[in-house]
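The data block below is work-v7.cif; it holds mmCIF, C-alpha atoms.
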data_model
#
loop_
_atom_site.label_atom_id
_atom_site.label_comp_id
_atom_site.auth_asym_id
_atom_site.auth_seq_id
_atom_site.Cartn_x
_atom_site.Cartn_y
_atom_site.Cartn_z
CA MET A 264 -19.27 -2.14 14.52
CA GLU A 265 -22.20 -4.33 13.48
CA LYS A 266 -21.38 -7.91 12.48
CA LYS A 267 -22.69 -7.32 8.95
CA ASN A 268 -20.48 -4.27 8.49
CA ALA A 269 -17.50 -6.10 9.99
CA TYR A 270 -17.83 -8.91 7.44
CA ARG A 271 -18.13 -6.41 4.60
CA LEU A 272 -15.05 -4.58 5.86
CA LEU A 273 -13.12 -7.85 6.06
CA ALA A 274 -14.10 -8.67 2.49
CA GLY A 275 -12.92 -5.21 1.41
CA ILE A 276 -9.61 -5.68 3.22
CA ILE A 277 -9.00 -9.02 1.52
CA VAL A 278 -9.92 -7.93 -2.00
CA ILE A 279 -7.96 -4.66 -2.02
CA GLY A 280 -5.06 -6.28 -0.18
CA SER A 281 -5.02 -9.03 -2.80
CA ILE A 282 -4.99 -6.49 -5.63
CA TRP A 283 -2.14 -4.66 -3.92
CA GLY A 284 -0.19 -7.89 -3.40
CA MET A 285 -0.70 -8.97 -7.01
CA LEU A 286 0.60 -5.62 -8.28
CA GLU A 287 3.59 -5.90 -5.94
CA CYS A 288 4.39 -9.34 -7.34
CA ILE A 289 3.87 -8.56 -11.02
CA LEU A 290 5.38 -5.08 -11.14
CA GLY A 291 8.14 -6.08 -8.74
CA SER A 292 9.40 -8.60 -11.29
CA ILE A 293 9.91 -5.96 -13.98
CA LYS A 294 13.54 -5.20 -14.78
CA PHE A 295 14.39 -2.00 -16.63
CA SER A 296 17.41 -1.61 -18.86
CA GLY A 297 19.47 1.28 -20.11
CA THR A 298 18.99 4.63 -18.39
CA LEU A 299 16.11 3.29 -16.27
CA GLU A 300 18.07 0.32 -14.97
CA ALA A 301 18.75 2.02 -11.64
CA PHE A 302 15.14 3.10 -11.13
CA PRO A 303 13.93 1.77 -7.75
CA MET A 304 10.77 -0.21 -8.52
CA GLY A 305 10.13 -0.36 -4.79
CA ALA A 306 9.64 3.41 -4.79
CA LEU A 307 6.94 3.06 -7.46
CA LEU A 308 5.24 0.26 -5.53
CA GLY A 309 5.38 2.06 -2.19
CA GLY A 310 5.06 5.70 -3.19
CA PHE A 311 2.44 5.28 -5.89
CA VAL A 312 0.73 1.87 -5.86
CA GLY A 313 0.67 1.29 -2.10
CA LEU A 314 -0.05 4.87 -1.10
CA GLY A 315 -2.63 5.22 -3.86
CA LEU A 316 -4.57 2.09 -2.93
CA MET A 317 -4.48 2.87 0.78
CA SER A 318 -5.63 6.44 0.19
CA PHE A 319 -8.41 5.40 -2.17
CA SER A 320 -9.69 2.72 0.21
CA ARG A 321 -9.61 5.18 3.12
CA ARG A 322 -11.69 7.56 1.04
CA MET A 323 -14.14 4.81 0.04
CA PHE A 324 -14.59 2.97 3.36
CA GLN A 325 -13.61 5.76 5.80
CA VAL A 326 -12.40 3.21 8.35
CA ARG A 327 -9.17 3.56 10.31
CA TRP A 328 -6.73 0.63 10.52
CA MET A 329 -8.30 -1.01 7.48
CA GLN A 330 -5.19 -0.17 5.48
CA LEU A 331 -2.93 -2.04 7.89
CA GLY A 332 -5.10 -5.11 7.34
CA MET A 333 -4.74 -4.64 3.59
CA ALA A 334 -0.97 -4.44 3.99
CA VAL A 335 -0.93 -7.72 5.92
CA VAL A 336 -2.88 -9.46 3.13
CA ALA A 337 -0.62 -7.93 0.46
CA GLY A 338 2.47 -8.90 2.47
CA ILE A 339 1.32 -12.52 2.73
CA LEU A 340 0.71 -12.71 -1.01
CA ARG A 341 4.07 -11.06 -1.69
CA PHE A 342 5.81 -13.54 0.62
CA TRP A 343 4.14 -16.37 -1.29
CA ALA A 344 5.67 -15.25 -4.62
CA PRO A 345 9.40 -15.77 -5.27
CA VAL A 346 10.11 -12.33 -6.71
CA GLY A 347 13.49 -10.67 -6.30
CA THR A 348 16.42 -11.56 -4.07
CA CYS A 349 14.73 -10.97 -0.72
CA VAL A 350 11.09 -12.01 -0.52
CA ILE A 351 10.82 -11.55 3.23
CA CYS A 352 12.22 -8.00 2.89
CA SER A 353 9.42 -7.01 0.53
CA ALA A 354 6.71 -8.63 2.65
CA LEU A 355 7.93 -6.86 5.79
CA ALA A 356 8.19 -3.54 3.94
CA ILE A 357 4.56 -3.73 2.80
CA VAL A 358 3.30 -4.32 6.33
CA ALA A 359 5.48 -1.51 7.66
CA GLU A 360 4.13 0.83 4.97
CA GLY A 361 0.58 0.04 6.04
CA LEU A 362 1.40 0.83 9.67
CA VAL A 363 3.08 4.13 8.79
CA PHE A 364 0.09 5.12 6.64
CA GLU A 365 -2.19 4.58 9.63
CA LEU A 366 0.04 6.61 11.94
CA ILE A 367 0.00 9.53 9.47
CA PHE A 368 -3.57 9.54 8.21
CA ASN A 369 -5.34 8.56 11.41
CA ARG A 370 -4.66 12.07 12.63
CA PRO A 371 -7.69 14.38 12.23
CA THR A 372 -5.49 16.97 10.50
CA PHE A 373 -4.80 14.55 7.64
CA ASN A 374 -8.30 13.11 7.29
CA ILE A 375 -8.33 12.44 3.54
CA ALA A 376 -11.77 10.82 3.83
CA ASN A 377 -13.23 14.25 4.58
CA ARG A 378 -15.69 15.11 1.84
CA GLY A 379 -14.65 18.76 2.07
CA TRP A 380 -11.83 18.26 -0.45
CA THR A 381 -12.44 19.93 -3.81
CA THR A 382 -10.56 20.13 -7.09
CA GLN A 383 -9.45 23.66 -6.34
CA ARG A 384 -5.79 24.39 -6.88
CA SER A 385 -5.19 24.90 -3.16
CA SER A 386 -6.46 21.40 -2.40
CA ILE A 387 -4.34 19.83 -5.14
CA MET A 388 -1.23 21.61 -3.85
CA THR A 389 -1.97 20.63 -0.24
CA LEU A 390 -2.54 17.00 -1.18
CA GLY A 391 0.56 17.04 -3.36
CA PHE A 392 2.70 18.30 -0.49
CA LEU A 393 1.15 15.76 1.88
CA GLY A 394 1.81 13.09 -0.75
CA VAL A 395 5.49 14.05 -0.83
CA VAL A 396 5.76 13.72 2.94
CA ALA A 397 3.73 10.50 3.07
CA GLY A 398 5.48 8.89 0.10
CA PHE A 399 8.93 9.60 1.52
CA THR A 400 8.04 8.57 5.07
CA ILE A 401 6.19 5.40 4.10
CA TYR A 402 8.93 4.14 1.79
CA PHE A 403 11.85 5.23 3.98
CA THR A 404 10.39 3.69 7.13
CA GLY A 405 9.47 0.46 5.35
CA TYR A 406 12.97 0.16 3.92
CA VAL A 407 14.63 0.88 7.28
CA PHE A 408 12.34 -1.61 9.01
CA THR A 409 13.32 -4.38 6.61
CA GLN A 410 17.03 -3.62 6.98
CA ILE A 411 16.70 -4.07 10.73
CA MET A 412 14.21 -6.94 10.96
CA THR A 413 15.25 -9.12 8.03
CA PRO A 414 18.68 -10.05 9.44
CA VAL A 415 17.15 -10.50 12.89
CA ILE A 416 14.52 -12.91 11.54
CA THR A 417 16.77 -14.81 9.13
CA THR A 418 20.06 -15.00 11.04
CA GLY A 419 19.34 -13.56 14.48
CA ILE A 420 22.11 -11.00 14.00
CA PHE A 421 21.78 -7.27 13.31
CA THR A 422 24.96 -5.45 12.25
CA PRO A 423 24.73 -1.66 12.79
CA ALA A 424 27.68 -1.00 10.45
CA ASN A 425 25.86 -2.65 7.53
CA PHE A 426 22.73 -0.69 8.31
CA ILE A 427 24.57 2.65 8.44
CA ALA A 428 26.32 1.87 5.15
CA VAL A 429 23.01 1.42 3.32
CA LEU A 430 21.33 4.56 4.71
CA PRO A 431 22.47 6.89 1.86
CA LEU A 432 20.95 4.46 -0.65
CA ILE A 433 17.68 4.41 1.31
CA TYR A 434 17.55 8.22 1.40
CA GLY A 435 18.20 8.45 -2.34
CA LYS A 436 15.50 5.96 -3.30
CA SER A 437 13.02 7.58 -0.91
CA PHE A 438 13.04 10.78 -2.94
CA PHE A 439 11.61 8.85 -5.90
CA ALA A 440 8.81 7.64 -3.62
CA ALA A 441 8.22 11.22 -2.46
CA ALA A 442 7.82 12.46 -6.05
CA LEU A 443 5.45 9.61 -6.87
CA GLY A 444 3.49 10.25 -3.68
CA ALA A 445 2.86 13.79 -4.91
CA LEU A 446 0.97 12.23 -7.81
CA ALA A 447 -0.68 9.31 -6.03
CA LEU A 448 -2.40 11.14 -3.18
CA PRO A 449 -4.17 13.88 -5.21
CA ILE A 450 -5.30 11.28 -7.78
CA ALA A 451 -6.66 8.91 -5.11
CA VAL A 452 -8.45 11.63 -3.15
CA LEU A 453 -9.73 13.88 -5.93
CA ALA A 454 -10.49 11.35 -8.67
CA LYS A 455 -14.08 11.42 -9.83
CA VAL A 456 -15.66 8.05 -9.13
CA PRO A 457 -19.30 6.94 -9.12
CA SER A 458 -20.99 7.40 -5.77
CA ILE A 459 -21.50 3.89 -4.41
CA ASN A 460 -23.11 3.11 -1.07
CA LEU A 461 -21.48 -0.17 -0.12
CA GLN A 462 -24.16 -0.84 2.48
CA ASN A 463 -26.84 -0.90 -0.22
CA ILE A 464 -25.16 -3.57 -2.34
CA PRO A 465 -26.85 -6.97 -1.83
CA ASN A 466 -24.70 -9.48 0.04
CA LYS A 467 -24.59 -11.99 -2.81
CA HIS A 468 -23.23 -9.36 -5.19
CA TYR A 469 -20.83 -7.78 -2.69
CA TYR A 470 -19.29 -10.98 -1.37
CA GLY A 471 -19.44 -12.72 -4.74
CA THR A 472 -17.54 -9.94 -6.48
CA ALA A 473 -15.02 -9.55 -3.65
CA SER A 474 -14.37 -13.30 -3.53
CA SER A 475 -13.98 -13.58 -7.29
CA ILE A 476 -11.49 -10.72 -7.52
CA SER A 477 -9.49 -11.98 -4.54
CA VAL A 478 -9.25 -15.52 -5.90
CA MET A 479 -8.31 -14.17 -9.32
CA CYS A 480 -5.41 -12.18 -7.84
CA TRP A 481 -3.99 -15.22 -6.05
CA VAL A 482 -4.48 -17.45 -9.11
CA VAL A 483 -2.72 -14.91 -11.35
CA VAL A 484 0.27 -14.79 -9.01
CA PHE A 485 0.35 -18.58 -8.74
CA ALA A 486 0.15 -19.01 -12.51
CA PHE A 487 2.76 -16.34 -13.14
CA TYR A 488 5.39 -17.86 -10.87
CA TYR A 489 4.61 -21.53 -10.37
CA LEU A 490 3.32 -22.80 -13.73
#
When written as C-alpha cells, how does the structure in this file appear?
Amino acid sequence: MEKKNAYRLLAGIIVIGSIWGMLECILGSIKFSGTLEAFPMGALLGGFVGLGLMSFSRRMFQVRWMQLGMAVVAGILRFWAPVGTCVICSALAIVAEGLVFELIFNRPTFNIANRGWTTQRSSIMTLGFLGVVAGFTIYFTGYVFTQIMTPVITTGIFTPANFIAVLPLIYGKSFFAAALGALALPIAVLAKVPSINLQNIPNKHYYGTASSISVMCWVVVFAFYYL
C-alpha cells in the first residue's frame, strides 16, 4: 500500500472508530424503564451500531482488517469513559467484535464490498440472513470473550462454573443482536449514498475533516462524563 493511501486509511480508521466509540459511550449510558428495562443495550450496540459501521466502512474503503483497527480505537475510547459497571468488559467486547467481523467478512463468499449487490429482494434476503448470523456471532463471541478475559485481567482467576452459569443469559441476549443484525447489514450495504472517490479528495480537506470529527467525538465523551 502506498504511504499516501496508508495515511488516509489510518485517518479513516481513527475517525470511524471514534464515532463508534462515542456511540458506545453515549448509547451505553441509556437506561430503559418499564417493559424495556430488560432490553440488552449491548445487543443494539454490537448487532446494529457496530455491525452497521463496520459493514459500511468495508463497503466504502474495501480494505480488510480496517474494521479491527476501528474496533481498537472504539475500545480505547470506551475504556476511557466510565459507563456501566464493567468498563473493561465493554472495551474488550468491542475489540473482539471487530476481530470476529474480520474473520467472517474477509472470506470471499461474504465480500460485502462487491459492487454486484443490488436492491433486488433476493439480495435483501441474503444480506438479512447473513446479518442474523453475523449479529449473533459477533455479539455472542464478544460477550464470551469478556467473560473469560475480564476476570483473568482483573483478578488473574477464571472460574468455569461462573462462566457456565452465565451462558444462558449470553445466548438469550445474542438473539436480540441477531435480529438487529438482520436490519443493520442490508441497510449498510444497500443504502444509497453519493459516490465519493476518497483518493480524489484534497489532503487538506480529507485530513482536516477526519481530524475535526475525531476530536469532536473525544471532546463530546469527555464533556459528557467528566464535566
Hey, what comes out of the PyMOL selection byres ((chain A and resi 396) around 12) on this file? Could you write it as a PyMOL selection string?
-> chain A and resi 310+314+363-364+367-368+373+389-395+397-404+437-448
Which residues, protein or nucleic acid, reach to within 9 Å of (6.3, -0.9, 6.2) in the file's coordinates when using only C-alpha atoms, and can you give that as a list in words?
->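 Checking each residue against the 9 Å limit leaves Gly309, Ala334, Ser353, Ala354, Leu355, Ala356, Ile357, Val358, Ala359, Glu360, Gly361, Leu362, Val363, Phe364, Ile401, Tyr402, Phe403, Thr404, Gly405, Tyr406, Val407, Phe408 and Thr409 of chain A.
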Residue among A:Ala451, A:Ala301, A:Val326, A:Met333 lying closest to A:Ile282, counting all atoms listed in the file | A:Met333
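Straight-line separation from atom CA of A:Ala344 to atom CA of A:Gly291: 10.4 Å.
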Between atom CA of A:Leu308 and atom CA of A:Gln330, distance in Å (one decimal) |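 Result for atom CA of A:Leu308 versus atom CA of A:Gln330: 15.2 Å, one decimal.
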Carefully work through the PyMOL selection byres ((chain A and resi 374) around 12) for this structure and note down the residues it includes, as a compact mmCIF listing (two decimals) with C-alpha atoms, in the coordinates of the input.
# COMPACT_ATOMS: atom_id res chain seq x y z
CA SER A 318 -5.63 6.44 0.19
CA ARG A 321 -9.61 5.18 3.12
CA ARG A 322 -11.69 7.56 1.04
CA GLN A 325 -13.61 5.76 5.80
CA VAL A 326 -12.40 3.21 8.35
CA ARG A 327 -9.17 3.56 10.31
CA PHE A 364 0.09 5.12 6.64
CA GLU A 365 -2.19 4.58 9.63
CA LEU A 366 0.04 6.61 11.94
CA ILE A 367 0.00 9.53 9.47
CA PHE A 368 -3.57 9.54 8.21
CA ASN A 369 -5.34 8.56 11.41
CA ARG A 370 -4.66 12.07 12.63
CA PRO A 371 -7.69 14.38 12.23
CA THR A 372 -5.49 16.97 10.50
CA PHE A 373 -4.80 14.55 7.64
CA ILE A 375 -8.33 12.44 3.54
CA ALA A 376 -11.77 10.82 3.83
CA ASN A 377 -13.23 14.25 4.58
CA ARG A 378 -15.69 15.11 1.84
CA GLY A 379 -14.65 18.76 2.07
CA TRP A 380 -11.83 18.26 -0.45
CA LEU A 390 -2.54 17.00 -1.18
CA LEU A 393 1.15 15.76 1.88
CA VAL A 452 -8.45 11.63 -3.15
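Atom CA of A:Val482 is found 22.6 Å from atom CA of A:Met317.
The residues returned by the PyMOL selection byres ((chain A and resi 290) around 10) on the shown structure are Gly284, Met285, Leu286, Glu287, Cys288, Ile289, Gly291, Ser292, Ile293, Lys294, Met304, Gly305, Leu307, Leu308, Val312 and Val346 of chain A.
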For A:Met388, the nearest of the candidates A:Pro303, A:Gly471, A:Pro449, A:Gly315, counting all atoms listed in the file |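 Among the listed residues, the smallest separation from A:Met388 belongs to A:Pro449.
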Within 7 Å of A:Ala337 using all atoms listed in the file, minus same-chain residues under 2 positions, as a PyMOL selection string = chain A and resi 280-281+283-284+333-335+339-341
Within 10 Å of stretch 421-428 of chain A using only C-alpha atoms, minus same-chain residues under 5 positions, as a ChimeraX atom specification = /A:407,410-416,433
Would you output that residue set with C-alpha atoms, as a PDB file, in the frame of the given file?
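Saved file result37.pdb follows:
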ATOM      1  CA  VAL A 407      14.630   0.880   7.280  1.00  0.00           C
ATOM      2  CA  GLN A 410      17.030  -3.620   6.980  1.00  0.00           C
ATOM      3  CA  ILE A 411      16.700  -4.070  10.730  1.00  0.00           C
ATOM      4  CA  MET A 412      14.210  -6.940  10.960  1.00  0.00           C
ATOM      5  CA  THR A 413      15.250  -9.120   8.030  1.00  0.00           C
ATOM      6  CA  PRO A 414      18.680 -10.050   9.440  1.00  0.00           C
ATOM      7  CA  VAL A 415      17.150 -10.500  12.890  1.00  0.00           C
ATOM      8  CA  ILE A 416      14.520 -12.910  11.540  1.00  0.00           C
ATOM      9  CA  ILE A 433      17.680   4.410   1.310  1.00  0.00           C
TER      10      ILE A 433
END
Counting only C-alpha atoms, figure out which residue out of A:Ala473, A:Ile387, A:Cys352, A:Ile464 gets nearest to A:Thr417.
->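 Answer, going by the shortest atom-to-atom distance: A:Cys352.
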Listed atoms of stretch 278-296 of chain A boxed axis-aligned with 5 Å per side, centre + edges as lines of an AutoDock Vina configuration file:
center_x = 3.7
center_y = -5.5
center_z = -9.5
size_x = 37.3
size_y = 17.7
size_z = 28.7
I need stretch 429-443 of chain A written out with all heavy atoms, as a PDB file, in the first residue's frame; please produce it.
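Listing of selection-v3.pdb after writing:
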ATOM      1  N   VAL A 429     -23.528 -18.199  33.309  1.00  0.00           N
ATOM      2  CA  VAL A 429     -23.982 -17.021  32.573  1.00  0.00           C
ATOM      3  C   VAL A 429     -24.252 -17.321  31.099  1.00  0.00           C
ATOM      4  O   VAL A 429     -24.799 -16.470  30.385  1.00  0.00           O
ATOM      5  CB  VAL A 429     -22.939 -15.879  32.703  1.00  0.00           C
ATOM      6  CG1 VAL A 429     -21.774 -16.083  31.751  1.00  0.00           C
ATOM      7  CG2 VAL A 429     -23.579 -14.511  32.487  1.00  0.00           C
ATOM      8  N   LEU A 430     -23.925 -18.493  30.626  1.00  0.00           N
ATOM      9  CA  LEU A 430     -24.112 -18.836  29.217  1.00  0.00           C
ATOM     10  C   LEU A 430     -25.562 -18.690  28.739  1.00  0.00           C
ATOM     11  O   LEU A 430     -25.794 -18.168  27.635  1.00  0.00           O
ATOM     12  CB  LEU A 430     -23.606 -20.248  28.939  1.00  0.00           C
ATOM     13  CG  LEU A 430     -22.121 -20.377  28.568  1.00  0.00           C
ATOM     14  CD1 LEU A 430     -21.741 -21.840  28.362  1.00  0.00           C
ATOM     15  CD2 LEU A 430     -21.802 -19.573  27.309  1.00  0.00           C
ATOM     16  N   PRO A 431     -26.565 -19.170  29.494  1.00  0.00           N
ATOM     17  CA  PRO A 431     -27.954 -18.988  29.023  1.00  0.00           C
ATOM     18  C   PRO A 431     -28.317 -17.521  28.804  1.00  0.00           C
ATOM     19  O   PRO A 431     -29.025 -17.185  27.854  1.00  0.00           O
ATOM     20  CB  PRO A 431     -28.793 -19.597  30.155  1.00  0.00           C
ATOM     21  CG  PRO A 431     -27.882 -20.596  30.792  1.00  0.00           C
ATOM     22  CD  PRO A 431     -26.521 -19.970  30.729  1.00  0.00           C
ATOM     23  N   LEU A 432     -27.811 -16.645  29.683  1.00  0.00           N
ATOM     24  CA  LEU A 432     -28.061 -15.212  29.529  1.00  0.00           C
ATOM     25  C   LEU A 432     -27.407 -14.685  28.254  1.00  0.00           C
ATOM     26  O   LEU A 432     -28.000 -13.879  27.518  1.00  0.00           O
ATOM     27  CB  LEU A 432     -27.516 -14.463  30.739  1.00  0.00           C
ATOM     28  CG  LEU A 432     -27.632 -12.930  30.695  1.00  0.00           C
ATOM     29  CD1 LEU A 432     -29.097 -12.508  30.683  1.00  0.00           C
ATOM     30  CD2 LEU A 432     -26.902 -12.314  31.883  1.00  0.00           C
ATOM     31  N   ILE A 433     -26.195 -15.152  27.963  1.00  0.00           N
ATOM     32  CA  ILE A 433     -25.494 -14.715  26.756  1.00  0.00           C
ATOM     33  C   ILE A 433     -26.261 -15.156  25.521  1.00  0.00           C
ATOM     34  O   ILE A 433     -26.423 -14.384  24.569  1.00  0.00           O
ATOM     35  CB  ILE A 433     -24.059 -15.275  26.734  1.00  0.00           C
ATOM     36  CG1 ILE A 433     -23.264 -14.771  27.938  1.00  0.00           C
ATOM     37  CG2 ILE A 433     -23.347 -14.879  25.444  1.00  0.00           C
ATOM     38  CD1 ILE A 433     -21.871 -15.359  28.050  1.00  0.00           C
ATOM     39  N   TYR A 434     -26.708 -16.403  25.504  1.00  0.00           N
ATOM     40  CA  TYR A 434     -27.490 -16.905  24.370  1.00  0.00           C
ATOM     41  C   TYR A 434     -28.746 -16.067  24.166  1.00  0.00           C
ATOM     42  O   TYR A 434     -29.079 -15.675  23.038  1.00  0.00           O
ATOM     43  CB  TYR A 434     -27.896 -18.362  24.607  1.00  0.00           C
ATOM     44  CG  TYR A 434     -26.885 -19.368  24.133  1.00  0.00           C
ATOM     45  CD1 TYR A 434     -26.202 -20.169  25.038  1.00  0.00           C
ATOM     46  CD2 TYR A 434     -26.619 -19.538  22.775  1.00  0.00           C
ATOM     47  CE1 TYR A 434     -25.270 -21.114  24.610  1.00  0.00           C
ATOM     48  CE2 TYR A 434     -25.694 -20.475  22.334  1.00  0.00           C
ATOM     49  CZ  TYR A 434     -25.024 -21.251  23.255  1.00  0.00           C
ATOM     50  OH  TYR A 434     -24.105 -22.168  22.825  1.00  0.00           O
ATOM     51  N   GLY A 435     -29.459 -15.784  25.247  1.00  0.00           N
ATOM     52  CA  GLY A 435     -30.704 -15.029  25.134  1.00  0.00           C
ATOM     53  C   GLY A 435     -30.487 -13.633  24.571  1.00  0.00           C
ATOM     54  O   GLY A 435     -31.204 -13.194  23.664  1.00  0.00           O
ATOM     55  N   LYS A 436     -29.489 -12.925  25.073  1.00  0.00           N
ATOM     56  CA  LYS A 436     -29.215 -11.575  24.583  1.00  0.00           C
ATOM     57  C   LYS A 436     -28.720 -11.585  23.134  1.00  0.00           C
ATOM     58  O   LYS A 436     -28.959 -10.633  22.388  1.00  0.00           O
ATOM     59  CB  LYS A 436     -28.176 -10.899  25.484  1.00  0.00           C
ATOM     60  CG  LYS A 436     -28.696 -10.558  26.876  1.00  0.00           C
ATOM     61  CD  LYS A 436     -27.641  -9.801  27.674  1.00  0.00           C
ATOM     62  CE  LYS A 436     -28.189  -9.371  29.013  1.00  0.00           C
ATOM     63  NZ  LYS A 436     -27.182  -8.612  29.811  1.00  0.00           N
ATOM     64  N   SER A 437     -28.039 -12.656  22.753  1.00  0.00           N
ATOM     65  CA  SER A 437     -27.481 -12.731  21.398  1.00  0.00           C
ATOM     66  C   SER A 437     -28.563 -12.787  20.333  1.00  0.00           C
ATOM     67  O   SER A 437     -28.334 -12.362  19.193  1.00  0.00           O
ATOM     68  CB  SER A 437     -26.571 -13.951  21.271  1.00  0.00           C
ATOM     69  OG  SER A 437     -25.451 -13.840  22.137  1.00  0.00           O
ATOM     70  N   PHE A 438     -29.745 -13.274  20.681  1.00  0.00           N
ATOM     71  CA  PHE A 438     -30.824 -13.319  19.699  1.00  0.00           C
ATOM     72  C   PHE A 438     -31.338 -11.911  19.371  1.00  0.00           C
ATOM     73  O   PHE A 438     -31.808 -11.667  18.264  1.00  0.00           O
ATOM     74  CB  PHE A 438     -31.961 -14.219  20.192  1.00  0.00           C
ATOM     75  CG  PHE A 438     -31.654 -15.679  20.049  1.00  0.00           C
ATOM     76  CD1 PHE A 438     -31.294 -16.439  21.151  1.00  0.00           C
ATOM     77  CD2 PHE A 438     -31.701 -16.300  18.804  1.00  0.00           C
ATOM     78  CE1 PHE A 438     -30.998 -17.782  21.023  1.00  0.00           C
ATOM     79  CE2 PHE A 438     -31.407 -17.658  18.663  1.00  0.00           C
ATOM     80  CZ  PHE A 438     -31.050 -18.394  19.776  1.00  0.00           C
ATOM     81  N   PHE A 439     -31.253 -10.986  20.331  1.00  0.00           N
ATOM     82  CA  PHE A 439     -31.582  -9.597  20.032  1.00  0.00           C
ATOM     83  C   PHE A 439     -30.588  -9.037  19.020  1.00  0.00           C
ATOM     84  O   PHE A 439     -30.963  -8.329  18.081  1.00  0.00           O
ATOM     85  CB  PHE A 439     -31.537  -8.757  21.319  1.00  0.00           C
ATOM     86  CG  PHE A 439     -32.701  -8.963  22.237  1.00  0.00           C
ATOM     87  CD1 PHE A 439     -32.627  -9.870  23.282  1.00  0.00           C
ATOM     88  CD2 PHE A 439     -33.880  -8.250  22.059  1.00  0.00           C
ATOM     89  CE1 PHE A 439     -33.697 -10.066  24.138  1.00  0.00           C
ATOM     90  CE2 PHE A 439     -34.954  -8.427  22.905  1.00  0.00           C
ATOM     91  CZ  PHE A 439     -34.870  -9.350  23.950  1.00  0.00           C
ATOM     92  N   ALA A 440     -29.304  -9.346  19.225  1.00  0.00           N
ATOM     93  CA  ALA A 440     -28.275  -8.879  18.299  1.00  0.00           C
ATOM     94  C   ALA A 440     -28.475  -9.478  16.913  1.00  0.00           C
ATOM     95  O   ALA A 440     -28.226  -8.823  15.893  1.00  0.00           O
ATOM     96  CB  ALA A 440     -26.886  -9.248  18.834  1.00  0.00           C
ATOM     97  N   ALA A 441     -28.922 -10.724  16.857  1.00  0.00           N
ATOM     98  CA  ALA A 441     -29.176 -11.369  15.567  1.00  0.00           C
ATOM     99  C   ALA A 441     -30.291 -10.654  14.814  1.00  0.00           C
ATOM    100  O   ALA A 441     -30.181 -10.396  13.607  1.00  0.00           O
ATOM    101  CB  ALA A 441     -29.546 -12.837  15.791  1.00  0.00           C
ATOM    102  N   ALA A 442     -31.380 -10.321  15.523  1.00  0.00           N
ATOM    103  CA  ALA A 442     -32.496  -9.621  14.884  1.00  0.00           C
ATOM    104  C   ALA A 442     -32.074  -8.238  14.398  1.00  0.00           C
ATOM    105  O   ALA A 442     -32.437  -7.810  13.298  1.00  0.00           O
ATOM    106  CB  ALA A 442     -33.661  -9.497  15.867  1.00  0.00           C
ATOM    107  N   LEU A 443     -31.272  -7.550  15.184  1.00  0.00           N
ATOM    108  CA  LEU A 443     -30.805  -6.220  14.793  1.00  0.00           C
ATOM    109  C   LEU A 443     -29.804  -6.301  13.649  1.00  0.00           C
ATOM    110  O   LEU A 443     -29.742  -5.416  12.795  1.00  0.00           O
ATOM    111  CB  LEU A 443     -30.174  -5.524  16.001  1.00  0.00           C
ATOM    112  CG  LEU A 443     -31.173  -5.130  17.102  1.00  0.00           C
ATOM    113  CD1 LEU A 443     -30.447  -4.791  18.390  1.00  0.00           C
ATOM    114  CD2 LEU A 443     -32.018  -3.954  16.643  1.00  0.00           C
TER     115      LEU A 443
END
